Each structure stands twice: as C-alpha cells, then as structure tokens.
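As stored in data_24.tsv (TSV, C-alpha atoms and all ligand atoms):
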chain	number	residue	atom	x	y	z
A	1	MET	CA	82.12	95.68	84.93
A	2	ARG	CA	83.65	98.06	87.44
A	3	LEU	CA	87.18	99.09	88.21
A	4	LEU	CA	87.58	99.60	91.98
A	5	LEU	CA	90.65	101.61	92.93
A	6	PHE	CA	91.60	101.59	96.60
A	7	ASP	CA	93.78	104.06	98.45
A	8	ILE	CA	96.06	102.30	100.97
A	9	ASP	CA	96.81	104.39	104.09
A	10	GLY	CA	93.74	105.14	106.18
A	11	THR	CA	91.53	103.24	103.73
A	12	LEU	CA	92.81	99.64	103.58
A	13	LEU	CA	95.14	99.81	106.55
A	14	ARG	CA	96.68	101.84	109.34
A	15	SER	CA	100.46	101.79	109.21
A	16	ASN	CA	100.75	103.11	112.77
A	17	GLY	CA	103.75	105.27	111.96
A	18	ALA	CA	105.64	102.61	109.98
A	19	GLY	CA	105.45	104.50	106.69
A	20	ARG	CA	106.71	107.68	108.33
A	21	MET	CA	109.56	105.74	109.95
A	22	ALA	CA	110.71	104.27	106.62
A	23	MET	CA	110.55	107.74	105.05
A	24	THR	CA	112.50	109.30	107.94
A	25	SER	CA	115.19	106.64	107.85
A	26	MET	CA	115.63	107.00	104.07
A	27	LEU	CA	115.77	110.82	104.19
A	28	LEU	CA	118.41	110.84	106.92
A	29	GLU	CA	120.60	108.32	105.17
A	30	MET	CA	120.37	109.83	101.69
A	31	PHE	CA	120.02	113.55	102.36
A	32	GLY	CA	121.16	113.99	105.97
A	33	THR	CA	117.92	115.76	106.90
A	34	THR	CA	114.22	115.04	107.19
A	35	GLY	CA	113.18	118.65	106.77
A	36	PRO	CA	110.14	119.62	108.88
A	37	ILE	CA	108.77	116.04	108.93
A	38	ASP	CA	107.37	116.25	112.50
A	39	SER	CA	104.89	118.98	111.57
A	40	TYR	CA	104.17	117.73	108.02
A	41	ARG	CA	100.78	116.22	107.08
A	42	MET	CA	101.35	113.28	104.76
A	43	ASP	CA	97.79	112.06	104.30
A	44	GLY	CA	96.46	112.24	100.75
A	45	LYS	CA	99.88	113.20	99.37
A	46	THR	CA	102.11	111.16	97.09
A	47	ASP	CA	105.55	110.06	98.29
A	48	PRO	CA	107.41	112.16	95.67
A	49	MET	CA	105.40	115.21	96.77
A	50	ILE	CA	106.21	114.54	100.44
A	51	ILE	CA	109.92	114.01	99.74
A	52	THR	CA	110.10	117.15	97.56
A	53	ASP	CA	108.19	119.32	100.06
A	54	LEU	CA	110.34	118.23	103.00
A	55	LEU	CA	113.67	118.58	101.24
A	56	THR	CA	112.96	121.89	99.49
A	57	ALA	CA	111.99	123.23	102.94
A	58	ALA	CA	115.46	122.11	104.06
A	59	GLY	CA	117.03	124.10	101.23
A	60	ILE	CA	117.85	121.29	98.79
A	61	PRO	CA	117.29	122.30	95.15
A	62	LYS	CA	114.32	120.66	93.43
A	63	ALA	CA	116.34	119.33	90.47
A	64	GLN	CA	118.71	117.58	92.85
A	65	ILE	CA	115.81	115.93	94.69
A	66	GLU	CA	114.11	114.85	91.48
A	67	ALA	CA	117.28	113.22	90.15
A	68	LYS	CA	117.52	111.09	93.28
A	69	LEU	CA	113.88	109.98	93.53
A	70	PRO	CA	114.34	106.48	92.02
A	71	GLN	CA	117.19	105.81	94.42
A	72	ALA	CA	115.09	107.21	97.30
A	73	TYR	CA	112.21	104.82	96.47
A	74	GLN	CA	114.62	101.89	96.43
A	75	LEU	CA	116.14	102.77	99.79
A	76	MET	CA	112.71	103.47	101.33
A	77	ALA	CA	111.61	99.96	100.30
A	78	GLU	CA	114.74	98.50	101.90
A	79	LYS	CA	113.96	100.40	105.11
A	80	ALA	CA	110.35	99.22	104.94
A	81	VAL	CA	111.42	95.57	104.74
A	82	ALA	CA	113.22	96.04	108.07
A	83	ILE	CA	110.70	98.35	109.78
A	84	PHE	CA	107.25	97.04	108.78
A	85	PRO	CA	107.50	93.64	110.52
A	86	GLU	CA	108.41	95.45	113.75
A	87	ARG	CA	105.33	97.67	113.68
A	88	ALA	CA	101.71	96.69	114.02
A	89	LEU	CA	100.22	97.44	110.61
A	90	THR	CA	96.53	96.71	110.84
A	91	PRO	CA	93.79	96.39	108.23
A	92	CYS	CA	91.00	98.95	108.62
A	93	GLN	CA	87.65	97.81	109.95
A	94	GLY	CA	85.77	95.58	107.51
A	95	VAL	CA	88.53	95.51	104.89
A	96	LEU	CA	89.38	91.80	105.07
A	97	PRO	CA	85.79	90.52	104.76
A	98	LEU	CA	85.08	93.08	102.02
A	99	LEU	CA	88.10	92.00	99.96
A	100	GLU	CA	87.11	88.39	100.52
A	101	ALA	CA	83.64	89.15	99.16
A	102	LEU	CA	85.12	91.00	96.17
A	103	ARG	CA	87.80	88.42	95.45
A	104	ASN	CA	85.88	86.06	93.21
A	105	ARG	CA	83.32	88.43	91.73
A	106	PRO	CA	83.36	88.35	87.93
A	107	ASP	CA	82.04	91.93	87.67
A	108	VAL	CA	84.89	93.84	89.30
A	109	ILE	CA	88.58	94.43	88.74
A	110	LEU	CA	90.47	95.45	91.87
A	111	GLY	CA	93.24	98.01	91.78
A	112	LEU	CA	95.22	100.45	93.87
A	113	LEU	CA	95.44	104.21	93.59
A	114	THR	CA	97.93	105.34	96.17
A	115	GLY	CA	100.57	107.92	96.95
A	116	ASN	CA	102.85	105.07	98.03
A	117	VAL	CA	105.52	104.11	95.53
A	118	SER	CA	105.13	100.81	93.71
A	119	LEU	CA	107.95	99.17	95.67
A	120	THR	CA	106.51	99.84	99.14
A	121	ALA	CA	102.78	99.42	98.45
A	122	PRO	CA	102.86	95.58	98.40
A	123	LEU	CA	105.13	95.51	101.45
A	124	LYS	CA	102.65	97.61	103.40
A	125	LEU	CA	99.68	95.50	102.32
A	126	ARG	CA	101.39	92.21	103.13
A	127	SER	CA	102.42	93.50	106.57
A	128	ALA	CA	98.76	94.18	107.34
A	129	GLY	CA	97.70	90.71	106.21
A	130	ILE	CA	96.27	91.89	102.87
A	131	ASP	CA	97.30	89.93	99.76
A	132	PRO	CA	98.68	92.47	97.26
A	133	GLU	CA	98.20	90.02	94.38
A	134	GLN	CA	94.44	90.55	94.36
A	135	PHE	CA	94.98	94.09	93.07
A	136	VAL	CA	95.64	93.50	89.41
A	137	VAL	CA	96.34	97.11	88.45
A	138	GLY	CA	97.79	100.06	90.29
A	139	ALA	CA	98.74	103.69	89.97
A	140	TYR	CA	101.38	104.79	92.45
A	141	GLY	CA	103.24	107.81	93.73
A	142	SER	CA	106.16	106.60	91.65
A	143	ASP	CA	104.02	107.22	88.55
A	144	GLY	CA	103.77	110.93	89.35
A	145	ALA	CA	103.68	113.43	92.19
A	146	ASP	CA	100.24	114.74	91.18
A	147	ARG	CA	97.58	112.43	92.58
A	148	ASN	CA	94.97	113.85	90.20
A	149	ALA	CA	96.91	112.40	87.26
A	150	LEU	CA	96.81	108.87	88.69
A	151	PRO	CA	93.24	107.79	87.79
A	152	ALA	CA	94.12	108.03	84.08
A	153	VAL	CA	97.22	105.90	84.71
A	154	ALA	CA	95.23	103.19	86.50
A	155	ILE	CA	92.47	103.22	83.88
A	156	ALA	CA	95.00	102.94	81.03
A	157	ARG	CA	96.66	99.97	82.76
A	158	ALA	CA	93.31	98.26	83.31
A	159	ASN	CA	92.53	98.72	79.63
A	160	GLN	CA	95.87	97.24	78.60
A	161	LEU	CA	95.11	94.22	80.72
A	162	THR	CA	91.43	93.70	79.88
A	163	ASP	CA	89.01	94.56	77.10
A	164	HIS	CA	86.38	96.19	79.31
A	165	GLY	CA	87.00	99.70	78.00
A	166	PHE	CA	87.19	101.36	81.39
A	167	THR	CA	86.55	105.08	81.64
A	168	GLY	CA	85.80	107.25	84.65
A	169	THR	CA	82.14	106.24	84.37
A	170	ASN	CA	82.73	102.66	85.47
A	171	THR	CA	85.60	103.44	87.82
A	172	VAL	CA	85.23	103.88	91.58
A	173	ILE	CA	87.88	105.46	93.80
A	174	ILE	CA	87.80	104.66	97.51
A	175	GLY	CA	89.84	106.86	99.84
A	176	ASP	CA	90.00	108.51	103.24
A	177	THR	CA	91.02	112.10	102.43
A	178	PRO	CA	89.70	115.13	100.54
A	179	ALA	CA	92.60	114.52	98.09
A	180	ASP	CA	91.07	111.15	97.15
A	181	ILE	CA	87.73	112.80	96.42
A	182	LEU	CA	89.38	115.49	94.27
A	183	CYS	CA	91.38	112.83	92.47
A	184	ALA	CA	88.21	110.87	91.68
A	185	ARG	CA	86.71	114.09	90.28
A	186	ALA	CA	89.81	114.63	88.15
A	187	GLY	CA	89.38	111.12	86.73
A	188	LYS	CA	85.59	111.59	86.30
A	189	ALA	CA	85.21	108.55	88.56
A	190	THR	CA	82.80	107.83	91.42
A	191	ALA	CA	84.20	108.95	94.77
A	192	ILE	CA	83.60	106.86	97.87
A	193	ALA	CA	84.97	108.57	100.96
A	194	VAL	CA	85.53	106.56	104.11
A	195	ALA	CA	86.23	108.20	107.46
A	196	SER	CA	88.61	105.48	108.67
A	197	GLY	CA	91.71	107.66	108.36
A	198	TRP	CA	92.53	111.09	109.74
A	199	HIS	CA	89.52	112.99	108.43
A	200	SER	CA	86.08	113.00	110.02
A	201	ALA	CA	82.96	112.26	108.02
A	202	ASN	CA	81.96	115.91	108.50
A	203	THR	CA	85.17	117.15	106.91
A	204	LEU	CA	84.91	114.68	104.04
A	205	ALA	CA	81.26	115.68	103.47
A	206	THR	CA	82.29	119.26	102.68
A	207	HIS	CA	84.13	117.89	99.62
A	208	ARG	CA	80.96	116.24	98.37
A	209	PRO	CA	81.93	112.64	97.66
A	210	ASP	CA	79.35	110.54	95.80
A	211	HIS	CA	79.14	108.28	98.84
A	212	LEU	CA	80.34	108.75	102.39
A	213	LEU	CA	80.94	105.94	104.86
A	214	GLU	CA	82.18	105.87	108.44
A	215	ASN	CA	84.07	102.64	107.68
A	216	LEU	CA	83.88	99.59	105.41
A	217	ALA	CA	82.41	97.29	108.07
A	218	ASP	CA	78.97	96.60	106.53
A	219	THR	CA	80.12	94.36	103.69
A	220	GLU	CA	76.71	94.02	102.01
A	221	ALA	CA	76.00	97.76	102.07
A	222	VAL	CA	79.49	98.63	100.88
A	223	LEU	CA	79.23	96.11	98.02
A	224	ARG	CA	75.93	97.66	96.87
A	225	ILE	CA	77.54	101.10	96.81
A	226	MET	CA	80.67	99.91	95.03
A	227	LEU	CA	78.65	98.06	92.41
A	228	GLY	CA	76.38	101.05	91.83
A	229	GLU	CA	73.30	99.33	93.16
A	230	ALA	CA	72.67	101.73	96.04
A	231	ASP	CA	71.39	104.80	94.19
B	301	MG	MG	94.87	107.59	102.50

With the file now loaded, output its structure as structure tokens.
Amino acid sequence: MRLLLFDIDGTLLRSNGAGRMAMTSMLLEMFGTTGPIDSYRMDGKTDPMIITDLLTAAGIPKAQIEAKLPQAYQLMAEKAVAIFPERALTPCQGVLPLLEALRNRPDVILGLLTGNVSLTAPLKLRSAGIDPEQFVVGAYGSDGADRNALPAVAIARANQLTDHGFTGTNTVIIGDTPADILCARAGKATAIAVASGWHSANTLATHRPDHLLENLADTEAVLRIMLGEAD
C-alpha cells in the first residue's frame, strides 16, 4: 500500500495567475498593501509563509500578521470563488488520465501536500476539472508555514483514516519544485520531481529527487514509478 501525496500548483494544475490574484485581492482588502508581490517567487512556498514574507517586508509586525491568518485564509477563499471561474485553470499534462488510472486502485491512497490553505485547495482543483474528493487526506499551508513539517501531518492523517501504518517508506511525494524534494526528504518519503512547473528538469536534478520526470503524460511509466515497480 502506498500513500501518494500530490503538490497542486505546477504539479496537478496551472492556475495561470489566479492564485496570485486571489492573494493580491485579499492582501489589499485586509492589510491595504501587497508588499513586494510583483517580484516575489511563490512556488514551493506555503501561503502563510508568502503572506508573512510580503507583509513583514511592508513593515507589518509578525505577531499582527499571525493573528489575522485564519481571517486571511477565509477572505482568500471568498476571493477565489469569484476569481477562479474567470481564469483558465488547466490540469497539467497527463494529470487527468493518471488520476483516472489511480482512482480505483486498491493499493494506493491519494492525498495532497500543498502550500495552499485547506479552503482554497479544493476550489483550485475543481476549477481545473479535477475532483478534490479523490484525495482522501491532505496537509495544507494552513497546517503550518514550514512545508517540511507537512509530510508528518499527512502521514498521521492517513493513519487515522486507515490501518496501513504509513511511514515515509511507503509514502511518495510528487512536486514541481526543489522545496517539494526537500520536503520529501524531511518526511523520509520518496521524491518524484516533475518539471511541469517553473523549474527545469536540470534545476530539479541538482536536488537529487528519487525520480525525475518532464511531465506526467506517460501514464503507464508514471504508475510504475509511483508504485515502486520501476527500480
Ligand atoms: Mg508546486
């Protein structure tokens, strides 16, 4: 039995700026500033980390930001409901057939490991035509700003839900950034890096993932890797 934990942005889908728009709209309404959002790299980071980085750069005290995070997540989800249908969120290459192939397999549990907060993750997935219900566990940015702490959260939730006794050994983390690879390492999980986001395969290779793919298009090959049959 394997626990497959998917990153969202750049791995399952491209939000084509929609996530950034929802964040911008929330920041302006709640804090009156976006900080240096135009030059800020969001990929691989959790939403609370992004919000804290941007607002501390704008001079807002950390404690004040932290106290308002739950309210910020709520407002960001409200913005997302309005913005996402207007933008073309698209599934990454091969994702829909891969999820279809994984859907009814008895030997995998599907989950999410994402910097998105738990309120916006399903909105994003649904807007890209991906059914969020197929992911039975998740660890989100709203669980903690440190991505490296999230594998343990997802594994604990999977173990509450099932009796498979998941550890890092039978957990696979699929993501598009060096941060996803490091996070898999932190959780002692297998790292599958996919160059469908903002990082080239060459860049990802320098972080030594267990497996490196250009995209998830070859369903059969990807399945073998995910199920540990490719080594
Ligand atoms: Mg990503």

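Distance-wise, atom CA of Met21 of chain A and atom CA of Ser200 of chain A end up 24.6 Å apart.
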
Against ligand MG 301 (chain B), which residues of chain A fall within 12 Å? For each one I want the closest pair of atoms and the distance in Å (one decimal), counting only C-alpha atoms and all ligand atoms, rows by chain and increasing residue number, as CSV.
residue,atom,partner,partner_atom,distance
A:Phe6,CA,B:MG301,MG,9.0
A:Asp7,CA,B:MG301,MG,5.5
A:Ile8,CA,B:MG301,MG,5.6
A:Asp9,CA,B:MG301,MG,4.1
A:Gly10,CA,B:MG301,MG,4.6
A:Thr11,CA,B:MG301,MG,5.6
A:Leu12,CA,B:MG301,MG,8.3
A:Leu13,CA,B:MG301,MG,8.8
A:Arg14,CA,B:MG301,MG,9.1
A:Ser15,CA,B:MG301,MG,10.5
A:Gly19,CA,B:MG301,MG,11.8
A:Arg41,CA,B:MG301,MG,11.4
A:Met42,CA,B:MG301,MG,8.9
A:Asp43,CA,B:MG301,MG,5.6
A:Gly44,CA,B:MG301,MG,5.2
A:Lys45,CA,B:MG301,MG,8.1
A:Thr46,CA,B:MG301,MG,9.7
A:Asp47,CA,B:MG301,MG,11.7
A:Cys92,CA,B:MG301,MG,11.3
A:Leu112,CA,B:MG301,MG,11.2
A:Leu113,CA,B:MG301,MG,9.5
A:Thr114,CA,B:MG301,MG,7.4
A:Gly115,CA,B:MG301,MG,8.0
A:Asn116,CA,B:MG301,MG,9.5
A:Arg147,CA,B:MG301,MG,11.4
A:Ile173,CA,B:MG301,MG,11.4
A:Ile174,CA,B:MG301,MG,9.1
A:Gly175,CA,B:MG301,MG,5.7
A:Asp176,CA,B:MG301,MG,5.0
A:Thr177,CA,B:MG301,MG,5.9
A:Pro178,CA,B:MG301,MG,9.3
A:Ala179,CA,B:MG301,MG,8.5
A:Asp180,CA,B:MG301,MG,7.5
A:Ile181,CA,B:MG301,MG,10.7
A:Cys183,CA,B:MG301,MG,11.8
A:Ala193,CA,B:MG301,MG,10.1
A:Val194,CA,B:MG301,MG,9.5
A:Ala195,CA,B:MG301,MG,10.0
A:Ser196,CA,B:MG301,MG,9.0
A:Gly197,CA,B:MG301,MG,6.7
A:Trp198,CA,B:MG301,MG,8.4
A:His199,CA,B:MG301,MG,9.6

**OP:** Grab the atom CA of Leu216 of chain A to atom CA of Leu98 of chain A distance for me, in Å with one decimal place.
**Re:**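 Distance between the two atoms: 7.4 Å.
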
**OP:** Choose the residue, out of A:Pro132, A:Val172, A:Leu96, A:Gly187, that has the smallest atom-to-atom separation from Ala149 of chain A; count all atoms listed in the file.
**Re:**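 Selected residue with least distance to Ala149 of chain A: A:Gly187.
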
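Rounded to one decimal, atom CA of Asn16 of chain A and atom CA of Leu89 of chain A lie 6.1 Å from each other.
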
Original post:
Got a sec: who's within 10 Å of Val81 of chain A, counting only C-alpha atoms, leaving out chain neighbours fewer than 6 positions off, as a count of residues only?
Top reply: 6

Original post:
From the list A:Met49, A:Ile155, A:Ala186, A:Met23, which residue is nearest Thr167 of chain A when using all atoms listed in the file?
Top reply: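 Distance minimum relative to Thr167 of chain A lands on A:Ile155.
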
**OP:** Kindly indicate which residue among A:Asn148, A:Asn202, A:Thr34, A:Gln134 lies nearest to Leu110 of chain A, using all atoms listed in the file for the distances.
**Re:** A:Gln134

Subject >> Proximity to Phe135 of chain A - best of A:Ile109, A:Arg224, A:Arg157, A:Gly165, all atoms listed in the file >> reply: A:Ile109

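You can rank A:Leu150, A:Leu212, A:Leu223, A:Ala121 by their closest distance to Ala80 of chain A using all atoms listed in the file, and at the top of that list sits A:Ala121.
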
Original post:
Which residues, protein or nucleic acid, reach to within 9 Å of (112.1, 120.3, 109.5) in the file's coordinates when using all atoms listed in the file, and can you give that as JSON, numbers by chain?
Top reply: {"A": [33, 34, 35, 36, 37, 38, 39, 40, 54, 55, 57, 58]}

Original post:
Which residue, A:Ala184, A:Leu28, A:Ala158, A:Ala101, has the smallest gap to Leu3 of chain A when you use only C-alpha atoms?
Top reply: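 Going through A:Ala184, A:Leu28, A:Ala158, A:Ala101 one by one, the smallest distance to Leu3 of chain A is for A:Ala158.
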
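Residues in contact with Ile225 of chain A at 12 Å, where all atoms listed in the file are counted and same-chain residues fewer than 4 positions away are skipped, are listed as Arg2, Leu4, Val172, Ile173, Ile174, Thr190, Ala191, Ile192, Ala193, Asp210, His211, Leu212, Leu213, Leu216, Asp218, Thr219, Glu220, Ala221, Glu229, Ala230 and Asp231 of chain A.
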